[in-house]
Structures are given as C-alpha cells and as structure tokens.
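Visitor: Got a structure for you, written out below as structure tokens; questions coming shortly.
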Amino acid sequence: MRNVYVLGVGMIKFGRYPDKDVPELAAQAALLALKDAGMTMKDIQLLASGNLLQAGAMVGQRLLQQIGQTGIPVINVANACATGSTAFREAYFAVGSGEYEVAMAVGSEQMGKAGLLGGGGASREGSVEGILGSGLMPAVFGQAGVEHMRKHGTKMEHFAKISVKNHKHSTKNPLSQYQNEMDLDAVMKARMIAYPNTLYMCCPTGDGAAAAIVVSEAVMKKYAKKPVKVGCSVLTSDPWSDRDLTLPDVSTLTRTAAKQAYERAGVGPEDLDLVELHDCFATAELLHYENLGLCKEGEAGRGVDEGWFAHGGKSPVNVSGGLLSKGHPLGATGVANIYEVVMHLRGEAGARQVEGAKVGLAHVIGLGSACTIHILTA
Amino acid sequence: MAEGTQASGEKKARPIVPFLRLGDRPHLVGKKCDQCGAVYLGNRVACSKCSTTGPFSEIPLSTKGSLWVYSIVHQSAPGIPTPYVAAIVDLPEGVSVRCNIIDVEPDPAKIPFGMPVEMITRKVREDKEGNDIIAFFFRPASKN
C-alpha cells in the first residue's frame, strides 16, 4: 500500500430534513468536500457511497445524477453503523492500491423520526422481541453497560456523566444536531429507555451526510492544503466468544481492531490527541475507553470522574459532541468522524479545536458485527 | 414426532423456537461440538468456534442457571408491553440464553448478579390456526 491522504472533507449539519431526499443530502456533503479540496466532480475517479436504510436504492449513482455523471466506478456500501467508514475504507484502498489517484467517500442517511435502532418489532410474524429478551439496540447496549457494572462496580452516574460531557462538547459544534448542555440531574432523571441508559444517554435519530476525498501523495503535493495522512484503515468482525451468540460482544470487536490499528499506524493510545468513538449509547462510550486502550481495564469509571476524556483532559473523546449530541444518521456517521478528526489535524475546528492536534482516531462499530478504526496524522 | 404435537384437527402446543422442547418436563436443547466442546442453542451447520463441520451431539440443557446480565426495558418496539427485564442467563452446560426474567421487580436493586434462576414455560399467543405458542422464561429459582 502506498501513502493515502485526505485532501477534502465536507459535512452538513445533522438534523431533520423532511423536505429533502438522500441523494440530495449526499450531494450537499459531496459538493462541500469538492470545494474544500479545490476540485470538481471531473477530478474524482471512484465513488464509494455508504447508506444503510436504502441499501438497495443505488444511492451512489443517484448522487452522481445530482452532481455529475462522469462514468466513474461506484461502490454502494452497507455495513451496519460502520457503513460510512467502510465506504471511506473502500476509497482508501482504491488509492492506496495504486489503481486510482483520487477517490471520494460519501456517507448519507435519512432516518427521520424512525423508531428504535435495530428494528424487529411486534408486527413481524413470529417475533420473539420482548418475549425472549431483546435484540433492540437500547437493550443490547444496556446489557453491555450492566456487564461493566458487574465486572468493575461502575455506576449509572458514570454513564450519565458521559452524556453530560458530550452534550457540553456539542455546544461548540455548529454542525451538531443538538447543541444544548445537559446537567447530570437532567440526564439521570430523564425517561428510562433501557437501564441504565436514559433518553439522553441514547443517540438521537436524524438525517445527515458527510464526504471525504482521498488522494495519492503526488496529487496531495499539487494542492496547498495541510496534508492529513491516513495512518491505517482497519475493519474487523466478531471473533467467537462465550456469550456473543446471545449478548453481542461490542468489546472484543473493538479490541481486535485497536490492536491492529496501533500496530499498522505505528502509534499507541498515549499518542492520540483526540478520539471520535462510537457512543451510540453512553454505556458504549465507557466500554470503548478501555477497548481502545485509553485507560486500563476497569479504570473507565474513575477516568470519567476525573475528566480524562473531556476536552482539555489527557485523552479528549468526542469533542464534536459525539453521536449522543451530534447525532447518528447511520451511514453518515463514519465519514463524519473522519471529518471531525481532519478538521482538528488541520487546526480548522474553530471553538472546539484541540490545540496542536497531530494524531486522531476515528472508531465506529456496527452490530453485528463490523468495527472500523482509522488513525489519521497531521 | 416432536413432543407437543397431536393429531391434526386438534389445537396443538407449539414451541416459540425450535430449541424449546415441550411435554411433561419442558427444557431447551443444545448442540455440542464434539471437537471443541462449544455448545449452541439449536442446530448448527458448523462450529463458529473451531469451524469443524461436526459431528455435534444433541444435549438436553439444564432448566436451572444463573443470571449473567440484564437490562430493564422501558421503551421497546410498538406493541411490546413494558417494562420487562431482558437478560442473559448462563446454563451449566456452557451455553448462554437470551431471555426475559419474570417474577422480579423491574428495579436494579432487586436483581442481583449471579441470582439462581429456573426456567418455566407459558403460552404467549396463538398462531393463525389457533395453536398455543409456548415460550420459555426464567424466574428466581425456588429454594427447594
């Protein structure tokens, strides 16, 4: 693999766009990335389009109908919540392999106020949902959090504090779906969804899109942009573990990916200036502190209490507001995480800038199961 | 003929999942990989732990186990009554089971980790032909 760089990124504000459709949202993000790169659609040699809920609808080709049908190859990607980041990975490999010089990844999703992530309601003939436990995401991540409570004595307050942190971070991000602070009492006393996650410890549904343009080193040198190198692109699925056929193992998946990512990028967790990780629920974020090696096993609760993962702490996590406040339009999320890291590495993140950021990590998991990690360096 | 089936024309009791056996002593059945010992609920084409294609031995699973983790679900998909305790129960044969815990208060203070539990069955609905659909649940184990 040769070196690959991110030349342009774009993202629309996450939120609700009932008057638009998916290709239109995707097109807006793609145009922002093209403008950022100083390119036009005629410069793009391959498009990887990530979208989950309309996976059969050829969103990539419909995107080109909006912004330029140049006859290039289009890959449509669906890979659970790792859809956008898997599209980015496809673009990365297209350039890294030497086959293409310029590739674009676009992630998009329109969820509206669609119901609970994971689907599987009572309307389905013969459903066992709610009779033989639950496969819905709030319950799955509730159980994953309770498992940490069981093993390490973690309290519900620890999870709630993560929601408080990410909501506070989001107030500095104009592209965040929500930008309101939330105090601990409000999070703790909010309507319970699936213990220990209350409403504000669950990410919202919504619409959004983000795009990134990756190029070879030769192309990068032609543009007056601060180079951001893709240090690694890792994708894993669940290895077999004791309970993973009944309790999705959201941890081993990430631990395997993190090990590979640090080896390939030649950095360790102590080198990371910022991390955008998959906080679909507050419980998930706490688990991933340990899964990504940001703290030792069993120390995540203490780290939360001592502010290790807040902006200004030793290991800032989700300074964008995270999925909990920035939002989680499924197919857009992976590319949006790349967008956030790139903005910081260029020193262009505005009020939420992590000063002097040189190395950032973007992490996404999807059940069940896919995990991507990209480490980017300035 | 599987247990729980009767002559046509009569209403039958049908298990909600194929790995639930009804009859006088309802229990779950698993398949154990003869090579590596991994146990699964229901049938397997091959072992996802060691990848061998078998053989697998069918084993009856204990109706008693212990609570591993749970969540108390207050908001679910439309039409599903809440709150309920969604849980993972470990059985002594080395298999874990996704289930509902019943006969407990939906209160974390009253659901201890490792709690001994036992399986029971209940009718949960009828199918289009009017047969009873029987599901399994776990509840705190009785002392004797």
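Starting from 1 in every chain, residues are counted up; chains themselves are A, B, ... following the order of the structure tokens, and ligands are numbered from 1 as listed.
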Determine which residues of chain A sit within 6 Å of chain B, taking into account only C-alpha atoms, and present them as a PDB file with N, CA and C atoms, in the first residue's frame.
Guide:
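Once everything was written out, this is part04.pdb:
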```
ATOM      1  N   GLY A 121     -39.759  -5.398  15.397  1.00  0.00           N
ATOM      2  CA  GLY A 121     -40.886  -5.107  16.276  1.00  0.00           C
ATOM      3  C   GLY A 121     -41.898  -6.221  16.339  1.00  0.00           C
ATOM      4  N   ALA A 122     -42.982  -5.965  17.058  1.00  0.00           N
ATOM      5  CA  ALA A 122     -44.000  -6.979  17.280  1.00  0.00           C
ATOM      6  C   ALA A 122     -44.798  -7.278  16.022  1.00  0.00           C
ATOM      7  N   LEU A 132     -38.489 -13.273  24.418  1.00  0.00           N
ATOM      8  CA  LEU A 132     -37.219 -13.937  24.746  1.00  0.00           C
ATOM      9  C   LEU A 132     -36.131 -12.871  24.771  1.00  0.00           C
ATOM     10  N   GLY A 133     -36.207 -11.975  25.738  1.00  0.00           N
ATOM     11  CA  GLY A 133     -35.228 -10.902  25.829  1.00  0.00           C
ATOM     12  C   GLY A 133     -35.401  -9.893  24.715  1.00  0.00           C
ATOM     13  N   SER A 134     -34.304  -9.214  24.358  1.00  0.00           N
ATOM     14  CA  SER A 134     -34.396  -8.171  23.344  1.00  0.00           C
ATOM     15  C   SER A 134     -33.163  -8.146  22.472  1.00  0.00           C
ATOM     16  N   ALA A 139     -31.540  -2.166  24.496  1.00  0.00           N
ATOM     17  CA  ALA A 139     -31.384  -3.258  25.461  1.00  0.00           C
ATOM     18  C   ALA A 139     -30.012  -3.906  25.336  1.00  0.00           C
ATOM     19  N   GLY A 142     -27.666  -1.587  26.827  1.00  0.00           N
ATOM     20  CA  GLY A 142     -27.950  -1.553  28.254  1.00  0.00           C
ATOM     21  C   GLY A 142     -27.279  -2.729  28.940  1.00  0.00           C
ATOM     22  N   GLN A 143     -27.439  -3.918  28.372  1.00  0.00           N
ATOM     23  CA  GLN A 143     -26.819  -5.121  28.945  1.00  0.00           C
ATOM     24  C   GLN A 143     -25.296  -5.025  28.918  1.00  0.00           C
ATOM     25  N   GLU A 147     -22.973  -5.252  32.185  1.00  0.00           N
ATOM     26  CA  GLU A 147     -21.864  -6.200  32.314  1.00  0.00           C
ATOM     27  C   GLU A 147     -20.626  -5.490  32.904  1.00  0.00           C
ATOM     28  N   ILE A 193     -34.980   4.485  29.063  1.00  0.00           N
ATOM     29  CA  ILE A 193     -35.239   3.736  27.820  1.00  0.00           C
ATOM     30  C   ILE A 193     -34.931   2.252  28.061  1.00  0.00           C
ATOM     31  N   ALA A 194     -33.691   1.963  28.371  1.00  0.00           N
ATOM     32  CA  ALA A 194     -33.311   0.594  28.754  1.00  0.00           C
ATOM     33  C   ALA A 194     -32.172   0.729  29.761  1.00  0.00           C
ATOM     34  N   TYR A 195     -32.451   0.358  30.987  1.00  0.00           N
ATOM     35  CA  TYR A 195     -31.489   0.548  32.086  1.00  0.00           C
ATOM     36  C   TYR A 195     -30.115   0.025  31.700  1.00  0.00           C
ATOM     37  N   TRP A 240     -15.272 -15.446  17.785  1.00  0.00           N
ATOM     38  CA  TRP A 240     -16.128 -16.242  18.676  1.00  0.00           C
ATOM     39  C   TRP A 240     -15.807 -15.899  20.125  1.00  0.00           C
ATOM     40  N   ARG A 243     -20.309 -15.594  25.081  1.00  0.00           N
ATOM     41  CA  ARG A 243     -21.733 -15.251  25.088  1.00  0.00           C
ATOM     42  C   ARG A 243     -22.182 -14.494  23.844  1.00  0.00           C
ATOM     43  N   THR A 246     -25.602 -14.630  22.096  1.00  0.00           N
ATOM     44  CA  THR A 246     -26.790 -14.126  22.782  1.00  0.00           C
ATOM     45  C   THR A 246     -26.595 -12.683  23.236  1.00  0.00           C
TER      46      THR A 246
END
```
Visitor: Which residues are near Thr256 in chain A? Cut-off 10 Å, only C-alpha atoms, ignore same chain within fewer than 4 positions. Put them as number ranges by chain.
Guide: A: 234-239, 251-252, 260-261, 291-292, 371
Visitor: Please produce a file of the residues just selected, as a PDB file, in the first residue's frame, where the atoms kept are C-alpha atoms.
Guide:
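Output saved as again.pdb:
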```pdb
ATOM      1  CA  VAL A 234      -8.823  -1.474   9.937  1.00  0.00           C
ATOM      2  CA  LEU A 235     -12.051  -3.481   9.688  1.00  0.00           C
ATOM      3  CA  THR A 236     -12.977  -6.414  11.922  1.00  0.00           C
ATOM      4  CA  SER A 237     -15.929  -8.677  12.692  1.00  0.00           C
ATOM      5  CA  ASP A 238     -16.742 -10.578  15.870  1.00  0.00           C
ATOM      6  CA  PRO A 239     -14.425 -13.395  16.805  1.00  0.00           C
ATOM      7  CA  SER A 251     -15.835  -5.052  23.153  1.00  0.00           C
ATOM      8  CA  THR A 252     -13.742  -7.832  21.584  1.00  0.00           C
ATOM      9  CA  GLN A 260      -4.271  -3.935  14.568  1.00  0.00           C
ATOM     10  CA  ALA A 261      -4.703  -0.172  14.143  1.00  0.00           C
ATOM     11  CA  ASN A 291     -11.369  -1.244  24.450  1.00  0.00           C
ATOM     12  CA  LEU A 292      -9.251   1.401  22.707  1.00  0.00           C
ATOM     13  CA  CYS A 371     -15.739  -2.332  13.538  1.00  0.00           C
TER      14      CYS A 371
END
```
Visitor: Neighbouring residues of Val59 in chain A were defined as those with any atom within 8 Å, considering only C-alpha atoms; residues of the same chain fewer than 4 positions away were excluded. Please report them as a ChimeraX atom specification.
Guide: /A:22-23,49,51,54-55,63,76
Visitor: Name the residues in contact with Leu91 in chain B at a cut-off of 10 Å, using only C-alpha atoms, excluding same-chain residues fewer than 5 positions from it; report them as a PyMOL selection string.
Guide: chain B and resi 61-68+96-97+117-118
Visitor: Could those residues be written to a file, using all heavy atoms, as a PDB file, in the first residue's frame?
Guide:
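Contents of out.pdb, freshly written:
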```pdb
ATOM      1  N   LEU B  61     -30.560 -29.331  27.919  1.00  0.00           N
ATOM      2  CA  LEU B  61     -29.939 -28.308  28.766  1.00  0.00           C
ATOM      3  C   LEU B  61     -30.678 -28.210  30.087  1.00  0.00           C
ATOM      4  O   LEU B  61     -31.889 -28.440  30.164  1.00  0.00           O
ATOM      5  CB  LEU B  61     -29.950 -26.961  28.046  1.00  0.00           C
ATOM      6  CG  LEU B  61     -29.156 -26.921  26.739  1.00  0.00           C
ATOM      7  CD1 LEU B  61     -29.363 -25.591  26.025  1.00  0.00           C
ATOM      8  CD2 LEU B  61     -27.672 -27.172  26.989  1.00  0.00           C
ATOM      9  N   SER B  62     -29.928 -27.857  31.095  1.00  0.00           N
ATOM     10  CA  SER B  62     -30.491 -27.713  32.433  1.00  0.00           C
ATOM     11  C   SER B  62     -31.561 -26.618  32.443  1.00  0.00           C
ATOM     12  O   SER B  62     -31.473 -25.630  31.712  1.00  0.00           O
ATOM     13  CB  SER B  62     -29.367 -27.350  33.403  1.00  0.00           C
ATOM     14  OG  SER B  62     -29.903 -27.031  34.652  1.00  0.00           O
ATOM     15  N   THR B  63     -32.563 -26.808  33.289  1.00  0.00           N
ATOM     16  CA  THR B  63     -33.587 -25.765  33.441  1.00  0.00           C
ATOM     17  C   THR B  63     -33.201 -24.783  34.543  1.00  0.00           C
ATOM     18  O   THR B  63     -33.955 -23.871  34.857  1.00  0.00           O
ATOM     19  CB  THR B  63     -34.954 -26.382  33.769  1.00  0.00           C
ATOM     20  OG1 THR B  63     -34.806 -27.197  34.933  1.00  0.00           O
ATOM     21  CG2 THR B  63     -35.471 -27.212  32.605  1.00  0.00           C
ATOM     22  N   LYS B  64     -32.041 -25.006  35.149  1.00  0.00           N
ATOM     23  CA  LYS B  64     -31.574 -24.074  36.182  1.00  0.00           C
ATOM     24  C   LYS B  64     -30.263 -23.448  35.751  1.00  0.00           C
ATOM     25  O   LYS B  64     -29.398 -24.110  35.177  1.00  0.00           O
ATOM     26  CB  LYS B  64     -31.380 -24.802  37.509  1.00  0.00           C
ATOM     27  CG  LYS B  64     -32.695 -25.392  38.002  1.00  0.00           C
ATOM     28  CD  LYS B  64     -32.724 -25.569  39.495  1.00  0.00           C
ATOM     29  CE  LYS B  64     -34.149 -25.963  39.914  1.00  0.00           C
ATOM     30  NZ  LYS B  64     -34.337 -25.960  41.342  1.00  0.00           N
ATOM     31  N   GLY B  65     -30.138 -22.156  36.013  1.00  0.00           N
ATOM     32  CA  GLY B  65     -28.924 -21.449  35.635  1.00  0.00           C
ATOM     33  C   GLY B  65     -28.720 -20.252  36.535  1.00  0.00           C
ATOM     34  O   GLY B  65     -29.312 -20.160  37.618  1.00  0.00           O
ATOM     35  N   SER B  66     -27.872 -19.323  36.076  1.00  0.00           N
ATOM     36  CA  SER B  66     -27.659 -18.120  36.877  1.00  0.00           C
ATOM     37  C   SER B  66     -27.672 -16.893  35.980  1.00  0.00           C
ATOM     38  O   SER B  66     -27.307 -16.956  34.795  1.00  0.00           O
ATOM     39  CB  SER B  66     -26.338 -18.213  37.652  1.00  0.00           C
ATOM     40  OG  SER B  66     -25.259 -18.220  36.753  1.00  0.00           O
ATOM     41  N   LEU B  67     -28.089 -15.794  36.582  1.00  0.00           N
ATOM     42  CA  LEU B  67     -28.221 -14.547  35.821  1.00  0.00           C
ATOM     43  C   LEU B  67     -26.847 -13.944  35.557  1.00  0.00           C
ATOM     44  O   LEU B  67     -26.070 -13.723  36.487  1.00  0.00           O
ATOM     45  CB  LEU B  67     -29.076 -13.556  36.633  1.00  0.00           C
ATOM     46  CG  LEU B  67     -29.208 -12.160  36.022  1.00  0.00           C
ATOM     47  CD1 LEU B  67     -30.018 -12.198  34.737  1.00  0.00           C
ATOM     48  CD2 LEU B  67     -29.837 -11.207  37.026  1.00  0.00           C
ATOM     49  N   TRP B  68     -26.522 -13.686  34.278  1.00  0.00           N
ATOM     50  CA  TRP B  68     -25.263 -13.018  33.949  1.00  0.00           C
ATOM     51  C   TRP B  68     -25.496 -11.493  33.935  1.00  0.00           C
ATOM     52  O   TRP B  68     -25.004 -10.807  34.813  1.00  0.00           O
ATOM     53  CB  TRP B  68     -24.712 -13.538  32.613  1.00  0.00           C
ATOM     54  CG  TRP B  68     -23.463 -12.811  32.188  1.00  0.00           C
ATOM     55  CD1 TRP B  68     -23.296 -12.005  31.100  1.00  0.00           C
ATOM     56  CD2 TRP B  68     -22.195 -12.814  32.878  1.00  0.00           C
ATOM     57  NE1 TRP B  68     -22.015 -11.504  31.073  1.00  0.00           N
ATOM     58  CE2 TRP B  68     -21.320 -11.977  32.135  1.00  0.00           C
ATOM     59  CE3 TRP B  68     -21.726 -13.421  34.046  1.00  0.00           C
ATOM     60  CZ2 TRP B  68     -19.998 -11.741  32.530  1.00  0.00           C
ATOM     61  CZ3 TRP B  68     -20.398 -13.187  34.436  1.00  0.00           C
ATOM     62  CH2 TRP B  68     -19.559 -12.353  33.687  1.00  0.00           C
ATOM     63  N   SER B  96     -25.168 -19.841  26.905  1.00  0.00           N
ATOM     64  CA  SER B  96     -25.926 -18.732  27.482  1.00  0.00           C
ATOM     65  C   SER B  96     -27.200 -18.535  26.675  1.00  0.00           C
ATOM     66  O   SER B  96     -27.259 -18.867  25.495  1.00  0.00           O
ATOM     67  CB  SER B  96     -25.086 -17.459  27.542  1.00  0.00           C
ATOM     68  OG  SER B  96     -24.622 -17.104  26.269  1.00  0.00           O
ATOM     69  N   VAL B  97     -28.207 -18.014  27.329  1.00  0.00           N
ATOM     70  CA  VAL B  97     -29.547 -17.929  26.747  1.00  0.00           C
ATOM     71  C   VAL B  97     -30.066 -16.505  26.880  1.00  0.00           C
ATOM     72  O   VAL B  97     -30.014 -15.905  27.953  1.00  0.00           O
ATOM     73  CB  VAL B  97     -30.534 -18.870  27.486  1.00  0.00           C
ATOM     74  CG1 VAL B  97     -31.897 -18.856  26.811  1.00  0.00           C
ATOM     75  CG2 VAL B  97     -29.987 -20.283  27.559  1.00  0.00           C
ATOM     76  N   VAL B 117     -31.606 -18.936  38.806  1.00  0.00           N
ATOM     77  CA  VAL B 117     -32.898 -18.820  38.120  1.00  0.00           C
ATOM     78  C   VAL B 117     -33.327 -20.182  37.595  1.00  0.00           C
ATOM     79  O   VAL B 117     -32.494 -21.079  37.405  1.00  0.00           O
ATOM     80  CB  VAL B 117     -32.831 -17.806  36.948  1.00  0.00           C
ATOM     81  CG1 VAL B 117     -32.681 -16.383  37.464  1.00  0.00           C
ATOM     82  CG2 VAL B 117     -31.697 -18.142  35.983  1.00  0.00           C
ATOM     83  N   GLU B 118     -34.605 -20.323  37.351  1.00  0.00           N
ATOM     84  CA  GLU B 118     -35.122 -21.578  36.788  1.00  0.00           C
ATOM     85  C   GLU B 118     -36.076 -21.253  35.646  1.00  0.00           C
ATOM     86  O   GLU B 118     -36.706 -20.205  35.631  1.00  0.00           O
ATOM     87  CB  GLU B 118     -35.839 -22.393  37.873  1.00  0.00           C
ATOM     88  CG  GLU B 118     -37.071 -21.703  38.442  1.00  0.00           C
ATOM     89  CD  GLU B 118     -37.673 -22.470  39.624  1.00  0.00           C
ATOM     90  OE1 GLU B 118     -37.104 -23.479  40.030  1.00  0.00           O
ATOM     91  OE2 GLU B 118     -38.734 -22.016  40.117  1.00  0.00           O
TER      92      GLU B 118
END
```
Visitor: Write out as a ChimeraX atom specification all residues of range 9-141 of chain B that DSSP puts in strand (DSSP E or B) for this structure's backbone.
Guide: /B:13-15,20-21,27-33,39-41,56-60,64-73,84-90,96-101,116-126,132-140
Visitor: Could you list, as a PyMOL selection string, every residue within 7 Å of Gly366 in chain A, counting only C-alpha atoms and ignoring same-chain residues fewer than 5 positions away?
Guide: chain A and resi 80-82+371
Visitor: Quick one: residues within 12 Å of Pro55 in chain B, only C-alpha atoms, excluding same-chain residues fewer than 3 positions away - as number ranges by chain?
Guide: B: 31-38, 43-47, 51-52, 58
Visitor: Keeping only N, CA, C and O atoms, write the selected residues as a tab-separated table (two decimals), in the first residue's frame.
Guide:
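again-v3.tsv was written with the following content:
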```tsv
chain	number	residue	atom	x	y	z
B	31	LYS	N	-26.74	-28.12	20.86
B	31	LYS	CA	-25.83	-28.98	20.09
B	31	LYS	C	-24.43	-28.68	20.58
B	31	LYS	O	-24.01	-27.53	20.64
B	32	LYS	N	-23.73	-29.78	20.93
B	32	LYS	CA	-22.37	-29.63	21.44
B	32	LYS	C	-21.38	-30.11	20.38
B	32	LYS	O	-21.53	-31.21	19.84
B	33	CYS	N	-20.41	-29.26	20.09
B	33	CYS	CA	-19.37	-29.62	19.13
B	33	CYS	C	-18.48	-30.71	19.76
B	33	CYS	O	-17.86	-30.47	20.79
B	34	ASP	N	-18.43	-31.88	19.13
B	34	ASP	CA	-17.64	-32.98	19.69
B	34	ASP	C	-16.15	-32.66	19.70
B	34	ASP	O	-15.39	-33.23	20.47
B	35	GLN	N	-15.74	-31.77	18.81
B	35	GLN	CA	-14.31	-31.46	18.70
B	35	GLN	C	-13.85	-30.47	19.78
B	35	GLN	O	-12.88	-30.71	20.46
B	36	CYS	N	-14.57	-29.33	19.92
B	36	CYS	CA	-14.06	-28.29	20.83
B	36	CYS	C	-14.94	-28.08	22.06
B	36	CYS	O	-14.55	-27.37	22.98
B	37	GLY	N	-16.12	-28.68	22.07
B	37	GLY	CA	-16.96	-28.59	23.26
B	37	GLY	C	-17.87	-27.37	23.32
B	37	GLY	O	-18.62	-27.22	24.28
B	38	ALA	N	-17.81	-26.49	22.32
B	38	ALA	CA	-18.71	-25.32	22.32
B	38	ALA	C	-20.16	-25.81	22.23
B	38	ALA	O	-20.46	-26.76	21.51
B	43	ASN	N	-29.76	-26.02	16.21
B	43	ASN	CA	-28.88	-26.71	15.26
B	43	ASN	C	-27.74	-25.84	14.78
B	43	ASN	O	-27.85	-24.61	14.76
B	44	ARG	N	-26.67	-26.48	14.32
B	44	ARG	CA	-25.54	-25.79	13.73
B	44	ARG	C	-25.14	-26.49	12.44
B	44	ARG	O	-25.18	-27.72	12.35
B	45	VAL	N	-24.75	-25.72	11.45
B	45	VAL	CA	-24.18	-26.30	10.23
B	45	VAL	C	-22.73	-26.65	10.49
B	45	VAL	O	-22.23	-27.68	10.09
B	46	ALA	N	-22.04	-25.73	11.16
B	46	ALA	CA	-20.65	-25.96	11.54
B	46	ALA	C	-20.40	-25.15	12.81
B	46	ALA	O	-21.23	-24.33	13.21
B	47	CYS	N	-19.26	-25.41	13.42
B	47	CYS	CA	-18.96	-24.76	14.70
B	47	CYS	C	-18.33	-23.39	14.44
B	47	CYS	O	-17.31	-23.30	13.76
B	51	SER	N	-14.76	-24.17	13.69
B	51	SER	CA	-15.04	-24.32	12.25
B	51	SER	C	-15.22	-25.76	11.77
B	51	SER	O	-15.41	-25.99	10.58
B	52	THR	N	-15.16	-26.72	12.67
B	52	THR	CA	-15.38	-28.09	12.23
B	52	THR	C	-16.85	-28.27	11.82
B	52	THR	O	-17.74	-27.58	12.33
B	58	GLU	N	-26.54	-33.86	20.34
B	58	GLU	CA	-27.66	-33.12	20.92
B	58	GLU	C	-27.67	-33.38	22.42
B	58	GLU	O	-27.61	-34.52	22.86
```
Visitor: Taking the backbone alone, and naming residues the way the document does, which bits of range 140-211 of chain A are helix (DSSP H, G or I) by DSSP, as number ranges by chain?
Guide: A: 140-152, 156-170, 184-189, 199-201
Visitor: Could you turn the residues from that selection into a file that holds N, CA and C atoms, as a short mmCIF file (atom, residue, chain, number, x, y, z; two decimals), in the first residue's frame?
Guide:
```cif
data_model
loop_
_atom_site.label_atom_id
_atom_site.label_comp_id
_atom_site.auth_asym_id
_atom_site.auth_seq_id
_atom_site.Cartn_x
_atom_site.Cartn_y
_atom_site.Cartn_z
N VAL A 140 -29.54 -4.08 24.10
CA VAL A 140 -28.24 -4.70 23.88
C VAL A 140 -27.14 -3.87 24.56
N PHE A 141 -27.17 -2.56 24.33
CA PHE A 141 -26.14 -1.71 24.93
C PHE A 141 -26.40 -1.45 26.41
N GLY A 142 -27.67 -1.59 26.83
CA GLY A 142 -27.95 -1.55 28.25
C GLY A 142 -27.28 -2.73 28.94
N GLN A 143 -27.44 -3.92 28.37
CA GLN A 143 -26.82 -5.12 28.95
C GLN A 143 -25.30 -5.03 28.92
N ALA A 144 -24.75 -4.48 27.84
CA ALA A 144 -23.29 -4.34 27.76
C ALA A 144 -22.78 -3.43 28.89
N GLY A 145 -23.54 -2.38 29.18
CA GLY A 145 -23.16 -1.49 30.27
C GLY A 145 -23.29 -2.17 31.63
N VAL A 146 -24.37 -2.94 31.78
CA VAL A 146 -24.58 -3.66 33.05
C VAL A 146 -23.47 -4.69 33.26
N GLU A 147 -22.97 -5.25 32.18
CA GLU A 147 -21.86 -6.20 32.31
C GLU A 147 -20.63 -5.49 32.90
N HIS A 148 -20.38 -4.24 32.48
CA HIS A 148 -19.26 -3.48 33.05
C HIS A 148 -19.53 -3.16 34.52
N MET A 149 -20.77 -2.86 34.84
CA MET A 149 -21.13 -2.63 36.25
C MET A 149 -20.84 -3.88 37.08
N ARG A 150 -21.19 -5.02 36.50
CA ARG A 150 -20.99 -6.29 37.21
C ARG A 150 -19.50 -6.55 37.44
N LYS A 151 -18.72 -6.33 36.40
CA LYS A 151 -17.29 -6.68 36.49
C LYS A 151 -16.49 -5.66 37.29
N HIS A 152 -16.86 -4.39 37.21
CA HIS A 152 -15.98 -3.34 37.76
C HIS A 152 -16.66 -2.40 38.74
N MET A 156 -24.35 3.88 37.43
CA MET A 156 -25.15 4.57 36.41
C MET A 156 -24.69 6.02 36.23
N GLU A 157 -24.24 6.66 37.32
CA GLU A 157 -23.77 8.05 37.24
C GLU A 157 -22.59 8.19 36.28
N HIS A 158 -21.74 7.17 36.20
CA HIS A 158 -20.59 7.26 35.29
C HIS A 158 -21.07 7.39 33.85
N PHE A 159 -22.06 6.59 33.50
CA PHE A 159 -22.59 6.66 32.14
C PHE A 159 -23.25 8.02 31.90
N ALA A 160 -23.99 8.46 32.90
CA ALA A 160 -24.70 9.75 32.76
C ALA A 160 -23.72 10.90 32.56
N LYS A 161 -22.58 10.84 33.26
CA LYS A 161 -21.58 11.91 33.13
C LYS A 161 -21.02 11.99 31.71
N ILE A 162 -20.98 10.85 31.03
CA ILE A 162 -20.51 10.86 29.64
C ILE A 162 -21.47 11.64 28.76
N SER A 163 -22.75 11.45 28.99
CA SER A 163 -23.76 12.21 28.24
C SER A 163 -23.62 13.70 28.51
N VAL A 164 -23.39 14.05 29.78
CA VAL A 164 -23.20 15.46 30.14
C VAL A 164 -22.00 16.04 29.38
N LYS A 165 -20.91 15.29 29.38
CA LYS A 165 -19.68 15.73 28.68
C LYS A 165 -19.93 15.96 27.19
N ASN A 166 -20.54 14.98 26.54
CA ASN A 166 -20.70 15.09 25.09
C ASN A 166 -21.69 16.20 24.71
N HIS A 167 -22.73 16.37 25.52
CA HIS A 167 -23.64 17.48 25.25
C HIS A 167 -22.93 18.82 25.42
N LYS A 168 -22.08 18.89 26.43
CA LYS A 168 -21.32 20.14 26.62
C LYS A 168 -20.41 20.40 25.42
N HIS A 169 -19.72 19.35 24.96
CA HIS A 169 -18.86 19.49 23.79
C HIS A 169 -19.64 20.01 22.58
N SER A 170 -20.84 19.53 22.41
CA SER A 170 -21.61 19.84 21.20
C SER A 170 -21.96 21.31 21.09
N LEU A 184 -26.26 16.84 35.05
CA LEU A 184 -26.29 15.44 35.48
C LEU A 184 -27.68 15.03 35.97
N ASP A 185 -28.31 15.92 36.69
CA ASP A 185 -29.64 15.63 37.22
C ASP A 185 -30.63 15.38 36.08
N ALA A 186 -30.54 16.22 35.06
CA ALA A 186 -31.47 16.07 33.92
C ALA A 186 -31.24 14.74 33.20
N VAL A 187 -29.99 14.34 33.07
CA VAL A 187 -29.70 13.07 32.39
C VAL A 187 -30.17 11.89 33.24
N MET A 188 -29.88 11.96 34.54
CA MET A 188 -30.23 10.84 35.44
C MET A 188 -31.75 10.66 35.56
N LYS A 189 -32.46 11.81 35.55
CA LYS A 189 -33.90 11.73 35.79
C LYS A 189 -34.73 11.67 34.51
N LEU A 199 -33.07 8.47 28.30
CA LEU A 199 -33.25 9.08 26.97
C LEU A 199 -32.01 9.83 26.50
N TYR A 200 -31.39 10.62 27.40
CA TYR A 200 -30.26 11.45 26.98
C TYR A 200 -28.95 10.67 26.95
N MET A 201 -29.01 9.40 27.27
CA MET A 201 -27.84 8.53 27.14
C MET A 201 -27.97 7.65 25.89
#
```
Visitor: Please provide the set of residues having any atom within 7 Å of Gly42 in chain B, restricted to only C-alpha atoms, with same-chain residues fewer than 4 positions apart removed, written as a list in words.
Guide: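 Here the qualifying residues turn out to be Pro18, Phe19, Val29, Gly30 and Lys31 of chain B.
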Visitor: CA of Asp132 in chain B to CA of Lys11 in chain B: how many Å, to one decimal?
Guide: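 Separating CA of Asp132 in chain B from CA of Lys11 in chain B is a distance of 7.3 Å.
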Visitor: So which one's closest to Met58 in chain A, A:Asn3, A:Ala78, A:Gly153, A:Val341? Using only C-alpha atoms, please.
Guide: A:Ala78
Visitor: In Å to one decimal, how far is CA of Met1 in chain A from CA of Gly96 in chain A?
Guide: 5.0 Å
Visitor: Have a look at A:Thr254, A:Lys172, A:Ala48, A:Gly307 and name the one nearest to Ala351 in chain A; count only C-alpha atoms.
Guide: A:Lys172
Visitor: Could you tell me how far CA of Asp207 in chain A lies from CA of Gln65 in chain A, in Å and to one decimal?
Guide: 20.3 Å
Visitor: Smallest atom-to-atom distance to Val219 in chain A: which of A:Ile373, A:Ala284, A:Ala103, A:Cys232, using only C-alpha atoms?
Guide: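 Distance minimum relative to Val219 in chain A lands on A:Ala103.
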Visitor: Could you check the closest approach to Asp36 in chain A for each of A:Ala310, A:Val354, A:Val342, A:Asp273 and tell me which residue wins, using only C-alpha atoms?
Guide: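 Checking each candidate against Asp36 in chain A, we get A:Val342 as the closest.
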